[in-house]
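Student: Have a peek at protein-v6.cif (mmCIF, C-alpha atoms).
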data_query
#
loop_
_atom_site.label_atom_id
_atom_site.label_comp_id
_atom_site.auth_asym_id
_atom_site.auth_seq_id
_atom_site.Cartn_x
_atom_site.Cartn_y
_atom_site.Cartn_z
CA MET A 1 0.00 0.00 0.00
CA VAL A 2 1.04 3.59 -0.46
CA TYR A 3 1.94 5.21 2.80
CA ARG A 4 3.28 8.74 2.87
CA ARG A 5 4.11 9.23 6.46
CA ALA A 6 6.08 12.40 5.94
CA ASN A 7 3.04 14.21 4.64
CA SER A 8 0.97 13.78 7.73
CA THR A 9 3.48 15.76 9.74
CA LEU A 10 3.34 18.82 7.52
CA PRO A 11 1.18 21.43 9.25
CA VAL A 12 -0.33 22.53 5.99
CA VAL A 13 -1.43 18.99 5.17
CA ARG A 14 -2.82 18.54 8.65
CA LEU A 15 -4.75 21.76 8.27
CA ARG A 16 -6.10 20.70 4.90
CA ASP A 17 -7.20 17.36 6.32
CA GLU A 18 -8.82 19.08 9.25
CA MET A 19 -10.66 21.44 6.91
CA ASP A 20 -11.82 18.53 4.75
CA ARG A 21 -13.16 16.87 7.83
CA LEU A 22 -14.93 20.00 9.01
CA VAL A 23 -16.46 20.58 5.62
CA SER A 24 -17.63 17.01 5.14
CA ASP A 25 -18.88 16.78 8.73
CA PHE A 26 -20.76 20.00 8.37
CA PHE A 27 -23.30 18.39 6.10
CA SER A 28 -24.43 15.84 8.65
CA PRO A 29 -26.22 17.17 11.73
CA ALA A 30 -24.37 14.85 14.10
CA GLY A 31 -21.04 15.63 12.49
CA ALA A 32 -21.71 19.35 12.60
CA ALA A 33 -22.37 19.21 16.31
CA ALA A 34 -19.16 17.30 16.89
CA ALA A 35 -17.09 19.47 14.54
CA TRP A 36 -18.17 22.74 16.10
CA GLY A 37 -17.72 21.63 19.66
CA GLY A 38 -21.40 21.00 20.26
CA PRO A 39 -22.72 18.17 22.37
CA ALA A 40 -21.91 14.68 21.19
CA PRO A 41 -24.92 13.03 19.58
CA SER A 42 -26.91 10.75 21.83
CA PHE A 43 -26.28 7.05 21.68
CA PRO A 44 -27.50 5.32 19.69
CA ALA A 45 -27.68 7.65 16.70
CA LEU A 46 -30.96 7.28 14.84
CA ASN A 47 -32.17 7.49 11.30
CA VAL A 48 -35.92 7.73 11.04
CA TRP A 49 -37.89 7.71 7.85
CA GLU A 50 -41.43 7.37 6.69
CA GLU A 51 -42.96 5.09 4.13
CA ASP A 52 -46.60 4.90 3.14
CA ASP A 53 -47.99 3.07 6.17
CA VAL A 54 -44.87 2.56 8.23
CA LEU A 55 -42.37 4.65 10.17
CA TYR A 56 -38.88 3.10 10.38
CA ALA A 57 -36.28 3.85 13.01
CA GLU A 58 -32.78 2.50 12.50
CA ALA A 59 -29.91 2.61 14.97
CA GLU A 60 -26.31 1.46 14.84
CA VAL A 61 -25.67 -0.62 17.95
CA PRO A 62 -22.52 -2.65 17.24
CA GLY A 63 -21.76 -5.31 19.81
CA LEU A 64 -25.21 -5.34 21.34
CA LYS A 65 -27.20 -8.53 21.53
CA SER A 66 -30.98 -8.57 21.40
CA GLU A 67 -31.11 -9.41 25.11
CA ASP A 68 -29.09 -6.25 25.87
CA LEU A 69 -31.78 -4.10 24.28
CA GLU A 70 -35.11 -2.98 25.58
CA ILE A 71 -37.42 -1.29 23.12
CA SER A 72 -40.76 0.23 24.04
CA VAL A 73 -43.37 2.53 22.58
CA ILE A 74 -45.37 4.36 25.21
CA ALA A 75 -47.58 7.38 24.67
CA GLY A 76 -45.96 8.36 21.38
CA ASP A 77 -42.38 7.95 22.62
CA LEU A 78 -39.99 5.34 21.28
CA THR A 79 -37.50 4.34 23.95
CA LEU A 80 -34.29 2.40 23.37
CA ARG A 81 -32.55 1.28 26.51
CA GLY A 82 -29.64 -0.97 27.09
CA ARG A 83 -26.09 -1.41 28.14
CA ARG A 84 -22.94 -1.91 26.23
CA GLY A 85 -20.30 -3.72 28.23
CA GLY A 86 -16.62 -3.13 27.83
CA GLU A 87 -14.91 -4.89 30.67
CA ALA A 88 -11.38 -5.79 29.72
CA PRO A 89 -9.99 -9.00 31.14
CA GLU A 90 -7.26 -8.95 33.79
CA GLY A 91 -3.80 -8.08 32.62
CA THR A 92 -4.97 -5.96 29.70
CA ALA A 93 -3.70 -2.49 28.98
CA TYR A 94 -5.70 -0.10 26.83
CA HIS A 95 -3.74 1.76 24.19
CA ARG A 96 -6.86 3.30 22.74
CA GLN A 97 -10.43 3.36 23.91
CA GLU A 98 -12.78 5.08 21.50
CA ARG A 99 -15.77 2.77 21.70
CA GLY A 100 -18.30 4.00 24.19
CA THR A 101 -19.53 1.75 26.95
CA GLY A 102 -22.13 1.86 29.67
CA GLU A 103 -25.85 2.34 29.89
CA PHE A 104 -27.94 4.30 27.46
CA ASN A 105 -31.52 5.45 27.34
CA ARG A 106 -32.67 7.22 24.23
CA VAL A 107 -36.18 8.56 23.95
CA LEU A 108 -37.57 9.77 20.65
CA ARG A 109 -40.86 11.60 20.36
CA LEU A 110 -42.55 9.99 17.36
CA PRO A 111 -43.76 12.52 14.81
CA ILE A 112 -46.90 10.52 14.04
CA GLU A 113 -49.18 8.15 15.85
CA VAL A 114 -48.17 4.49 15.57
CA ASP A 115 -49.86 1.22 16.41
CA ALA A 116 -47.80 0.17 19.45
CA ASP A 117 -49.07 -3.43 19.29
CA GLN A 118 -47.67 -3.94 15.81
CA VAL A 119 -44.13 -2.68 16.42
CA GLU A 120 -41.40 -5.10 15.34
CA ALA A 121 -37.63 -4.91 15.73
CA THR A 122 -34.79 -6.82 14.10
CA LEU A 123 -31.07 -6.78 14.81
CA ASN A 124 -28.61 -7.60 12.03
CA ASP A 125 -24.82 -7.10 12.07
CA GLY A 126 -25.14 -4.48 14.78
CA VAL A 127 -27.90 -2.55 13.05
CA LEU A 128 -31.27 -2.33 14.76
CA LEU A 129 -34.33 -1.71 12.64
CA VAL A 130 -37.61 -0.87 14.36
CA LYS A 131 -40.70 -1.05 12.22
CA LEU A 132 -43.51 1.13 13.54
CA PRO A 133 -46.74 0.74 11.57
CA LYS A 134 -48.78 3.90 11.56
CA ALA A 135 -52.02 4.03 13.47
CA GLU A 136 -55.15 3.97 11.33
CA SER A 137 -55.70 7.67 11.96
CA ALA A 138 -52.21 8.55 10.70
CA LYS A 139 -52.29 6.54 7.49
CA PRO A 140 -52.44 8.46 4.27
CA ARG A 141 -55.85 8.29 2.80
CA LYS A 142 -57.01 9.02 -0.67
CA ILE A 143 -60.07 11.21 -0.56
CA LYS A 144 -62.46 10.53 -3.31
CA VAL A 145 -64.06 13.64 -4.65
CA SER A 146 -67.65 13.02 -5.48
CA GLN A 147 -69.25 14.79 -8.32
CA GLY A 148 -71.36 17.73 -7.15
CA LYS A 149 -74.79 18.28 -8.51
CA MET B 1 6.15 2.56 29.03
CA ALA B 2 3.21 0.24 29.47
CA ASN B 3 0.47 2.73 28.64
CA GLU B 4 2.16 4.28 25.67
CA THR B 5 0.00 4.37 22.60
CA THR B 6 1.79 2.06 20.24
CA ALA B 7 -0.65 2.09 17.37
CA THR B 8 -1.35 5.42 15.74
CA PRO B 9 -3.50 6.14 12.71
CA ALA B 10 -1.46 6.30 9.56
CA ALA B 11 -1.71 9.11 7.06
CA PRO B 12 -5.12 9.68 5.51
CA GLU B 13 -5.89 7.46 2.59
CA VAL B 14 -3.59 8.56 -0.17
CA ALA B 15 -4.59 6.39 -3.10
CA GLU B 16 -8.09 6.99 -4.34
CA ARG B 17 -10.63 4.27 -4.09
CA THR B 18 -12.24 2.82 -7.16
CA ARG B 19 -15.51 2.49 -5.32
CA GLY B 20 -17.49 5.67 -4.80
CA GLY B 21 -19.52 6.68 -1.80
CA GLN B 22 -18.86 7.86 1.70
CA VAL B 23 -16.12 6.26 3.83
CA TYR B 24 -16.17 6.25 7.61
CA ARG B 25 -13.44 5.82 10.19
CA PRO B 26 -14.55 3.23 12.70
CA ASN B 27 -14.09 3.75 16.42
CA VAL B 28 -11.59 1.29 17.83
CA ASP B 29 -10.26 -0.04 21.09
CA ILE B 30 -6.71 -1.32 21.11
CA LEU B 31 -5.74 -3.57 23.96
CA GLU B 32 -2.51 -5.24 24.84
CA THR B 33 -1.96 -8.42 26.77
CA ARG B 34 1.25 -10.29 27.32
CA ASP B 35 0.85 -12.31 24.11
CA GLU B 36 -0.96 -10.06 21.68
CA LEU B 37 -2.38 -6.75 20.61
CA THR B 38 -6.13 -6.86 20.10
CA LEU B 39 -7.95 -4.37 17.95
CA VAL B 40 -11.70 -4.06 18.35
CA ALA B 41 -13.59 -1.94 15.83
CA ASP B 42 -17.23 -0.92 15.55
CA VAL B 43 -18.33 -1.68 12.02
CA PRO B 44 -22.14 -1.81 12.12
CA GLY B 45 -23.73 -3.20 8.99
CA VAL B 46 -20.62 -5.07 7.84
CA LYS B 47 -20.96 -8.77 7.15
CA SER B 48 -18.02 -10.98 8.03
CA ASP B 49 -17.30 -11.80 4.38
CA ALA B 50 -17.12 -8.11 3.45
CA ILE B 51 -14.03 -7.37 5.52
CA ASP B 52 -10.54 -6.97 4.22
CA ILE B 53 -7.60 -6.94 6.61
CA ASP B 54 -4.10 -6.29 5.48
CA PHE B 55 -0.85 -6.21 7.42
CA GLU B 56 2.22 -5.08 5.56
CA ASP B 57 5.43 -3.41 6.70
CA GLY B 58 3.96 -2.81 10.13
CA VAL B 59 0.87 -1.10 8.76
CA LEU B 60 -2.47 -2.65 9.56
CA THR B 61 -5.35 -1.72 7.26
CA ILE B 62 -8.93 -2.64 7.97
CA GLN B 63 -11.66 -2.18 5.42
CA GLY B 64 -15.30 -3.11 5.58
CA LYS B 65 -17.79 -2.82 2.79
CA VAL B 66 -21.32 -1.84 3.67
CA GLU B 67 -24.10 -2.45 1.21
CA PRO B 68 -26.55 0.45 1.09
CA ARG B 69 -29.56 -0.49 3.17
CA TYR B 70 -31.80 2.09 1.57
CA GLY B 71 -31.63 4.74 -1.07
CA GLU B 72 -30.78 8.36 -0.42
CA LYS B 73 -34.22 9.47 -1.45
CA ARG B 74 -36.00 8.20 1.63
CA ASN B 75 -38.44 10.48 3.30
CA PHE B 76 -36.26 11.13 6.34
CA VAL B 77 -37.76 12.51 9.51
CA LEU B 78 -34.45 12.34 11.36
CA ARG B 79 -31.00 11.62 10.03
CA GLU B 80 -28.14 11.38 12.48
CA TYR B 81 -25.68 9.17 10.64
CA GLY B 82 -24.63 8.25 7.16
CA ILE B 83 -24.00 4.81 5.76
CA GLY B 84 -20.85 3.85 3.95
CA ASP B 85 -17.73 1.71 3.96
CA PHE B 86 -15.27 1.64 6.84
CA TYR B 87 -11.56 2.23 6.43
CA ARG B 88 -8.71 2.84 8.83
CA THR B 89 -4.99 2.17 8.99
CA PHE B 90 -2.59 1.87 11.89
CA ARG B 91 1.15 1.79 12.20
CA VAL B 92 1.93 -0.95 14.67
CA SER B 93 5.27 -0.51 16.37
CA GLU B 94 5.28 -3.89 18.14
CA GLU B 95 6.84 -6.87 16.41
CA ILE B 96 3.87 -8.90 15.18
CA ASP B 97 3.83 -12.46 13.97
CA ALA B 98 1.94 -11.74 10.77
CA SER B 99 1.36 -15.40 9.95
CA ARG B 100 -0.75 -15.87 13.05
CA ILE B 101 -3.02 -12.81 12.72
CA GLU B 102 -6.64 -13.80 13.17
CA ALA B 103 -9.87 -11.88 12.96
CA GLU B 104 -13.54 -12.41 13.62
CA CYS B 105 -16.59 -10.28 13.03
CA ALA B 106 -19.91 -10.63 14.76
CA GLY B 107 -22.77 -8.27 15.47
CA GLY B 108 -21.06 -5.35 13.76
CA VAL B 109 -17.88 -5.65 15.81
CA LEU B 110 -14.58 -6.65 14.24
CA THR B 111 -11.87 -8.15 16.44
CA VAL B 112 -8.34 -8.55 15.12
CA HIS B 113 -5.79 -10.54 17.10
CA LEU B 114 -2.20 -9.56 16.44
CA PRO B 115 0.06 -12.04 18.23
CA LYS B 116 3.39 -10.65 19.30
CA ALA B 117 6.46 -12.12 17.73
CA GLU B 118 8.45 -14.30 20.12
CA LYS B 119 11.25 -11.78 20.50
CA ALA B 120 8.82 -9.00 21.39
CA LYS B 121 7.32 -10.86 24.32
CA PRO B 122 8.38 -9.76 27.76
CA ARG B 123 10.84 -12.10 29.31
CA LYS B 124 11.77 -12.42 32.91
CA ILE B 125 15.46 -12.51 33.40
CA ALA B 126 16.51 -14.49 36.39
CA VAL B 127 19.36 -12.95 38.28
CA LYS B 128 21.76 -15.53 39.51
CA THR B 129 23.38 -15.08 42.84
CA ALA B 130 27.08 -15.52 42.87
#
Represent the supplied structure as structure tokens.

Tutor:
Amino acid sequence: MVYRRANSTLPVVRLRDEMDRLVSDFFSPAGAAAAWGGPAPSFPALNVWEEDDVLYAEAEVPGLKSEDLEISVIAGDLTLRGRRGGEAPEGTAYHRQERGTGEFNRVLRLPIEVDADQVEATLNDGVLLVKLPKAESAKPRKIKVSQGK
Amino acid sequence: MANETTATPAAPEVAERTRGGQVYRPNVDILETRDELTLVADVPGVKSDAIDIDFEDGVLTIQGKVEPRYGEKRNFVLREYGIGDFYRTFRVSEEIDASRIEAECAGGVLTVHLPKAEKAKPRKIAVKTA
């Protein structure tokens, strides 16, 4: 592989890299907060999107097992709770520790009413997908216009 | 020194990738025991067969390909992270026995075991009394 170590020590290159990072981060809300010294985004970060009859919430939760996660929908709030362990065995020294550990509790106010009984969640390769079917009242409805007299 | 950081990120990717799309730098833990260095990386969405690990001239490169889970044109209500491949390189200063490097990936977490070469292992020297 190509490895130009000398470059990384040049201040001007470092500055350029830093600027690239700032610029690219600026276009994501979480990145912008981190880049400008704002609060770190809550864990887990969420992507939420809407399809016809379903609201999807996706979270990246690497290392979590389904039994470590507690998902609930109460009164229009989606709550993700859990714990990510990180206990190193005896005789281990950390050189780097960037992966967060500990308990988390993330509450998201749902923008539309969902049918709490029909909520399903799946966990694949550290990605959690929660499927929240919309309540009858929140489903899009085609209104038929009747011919006036 | 025992707590010295021995693995530091290498220079940013110099050669351009042939694959387009966003690339992310995974968060890692690097641990050291008597026998090995262990690198643990968060790579959510990466399947174990989509990982490429390379160790050459003391530089460890990890790459994970992530298949797009949905198109960019979703009707997003909230968007806190992007999806893309993972890439990161490290210069490892310890002597590593490259032939015995092993890795596993489960639940979006990649673990790479880098066994120390025999000569790099700590050795107790017995002091003989005269």

Student: Output the residue selection produced by the PyMOL selection byres ((chain A) within 6 of (chain B)) on the file above, formatted as an mmCIF file with C-alpha atoms, in the coordinates of the input.

Tutor:
data_model
loop_
_atom_site.group_PDB
_atom_site.id
_atom_site.type_symbol
_atom_site.label_atom_id
_atom_site.label_comp_id
_atom_site.auth_asym_id
_atom_site.auth_seq_id
_atom_site.Cartn_x
_atom_site.Cartn_y
_atom_site.Cartn_z
ATOM 1 C CA ARG A 5 4.110 9.230 6.460
ATOM 2 C CA SER A 8 0.970 13.780 7.730
ATOM 3 C CA ALA A 30 -24.370 14.850 14.100
ATOM 4 C CA ALA A 45 -27.680 7.650 16.700
ATOM 5 C CA LEU A 46 -30.960 7.280 14.840
ATOM 6 C CA ASN A 47 -32.170 7.490 11.300
ATOM 7 C CA VAL A 48 -35.920 7.730 11.040
ATOM 8 C CA TRP A 49 -37.890 7.710 7.850
ATOM 9 C CA GLU A 50 -41.430 7.370 6.690
ATOM 10 C CA GLU A 60 -26.310 1.460 14.840
ATOM 11 C CA PRO A 62 -22.520 -2.650 17.240
ATOM 12 C CA GLY A 63 -21.760 -5.310 19.810
ATOM 13 C CA THR A 92 -4.970 -5.960 29.700
ATOM 14 C CA ALA A 93 -3.700 -2.490 28.980
ATOM 15 C CA TYR A 94 -5.700 -0.100 26.830
ATOM 16 C CA HIS A 95 -3.740 1.760 24.190
ATOM 17 C CA ARG A 96 -6.860 3.300 22.740
ATOM 18 C CA GLN A 97 -10.430 3.360 23.910
ATOM 19 C CA GLU A 98 -12.780 5.080 21.500
ATOM 20 C CA ARG A 99 -15.770 2.770 21.700
ATOM 21 C CA ASP A 125 -24.820 -7.100 12.070
ATOM 22 C CA GLY A 126 -25.140 -4.480 14.780
ATOM 23 C CA VAL A 127 -27.900 -2.550 13.050
#

Student: Please write the residues picked by the PyMOL selection byres ((chain B and resi 67) around 8) on this file as a ChimeraX atom specification.

Tutor: /B:45-46,65-66,68-69,84

Student: Please measure the separation of CA of Val23 (chain B) and CA of Glu102 (chain B), giving the value in Å to one decimal.

Tutor: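 Those two atoms sit 24.1 Å apart.
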
Student: Applying 12 Å and only C-alpha atoms, which residues near Ala75 (chain A) remain after dropping the ones on its own chain fewer than 4 positions away? List them as an NGL selection string.

Tutor: :A and (79 or 107-116)

Student: Identify all residues satisfying the PyMOL selection byres ((chain A and resi 129) around 8) in the given file; provide them as a PyMOL selection string.

Tutor: chain A and resi 56-59+121-123+127-128+130-131

Student: Show which residues sit within 7 Å of Ile96 (chain B), as a count of residues only. Count all atoms listed in the file, and ignore same-chain residues fewer than 6 positions away.

Tutor: 4

Student: Could you tell me how far CA of Ile53 (chain B) sits from CA of Gly85 (chain A), in Å to one decimal place?

Tutor: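 Value for the CA of Gly85 (chain A)-CA of Ile53 (chain B) distance: 25.3 Å.
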
Student: Record the distance separating CA of Lys73 (chain B) and CA of Val54 (chain A), expressed in Å with one decimal.

Tutor: 16.0 Å
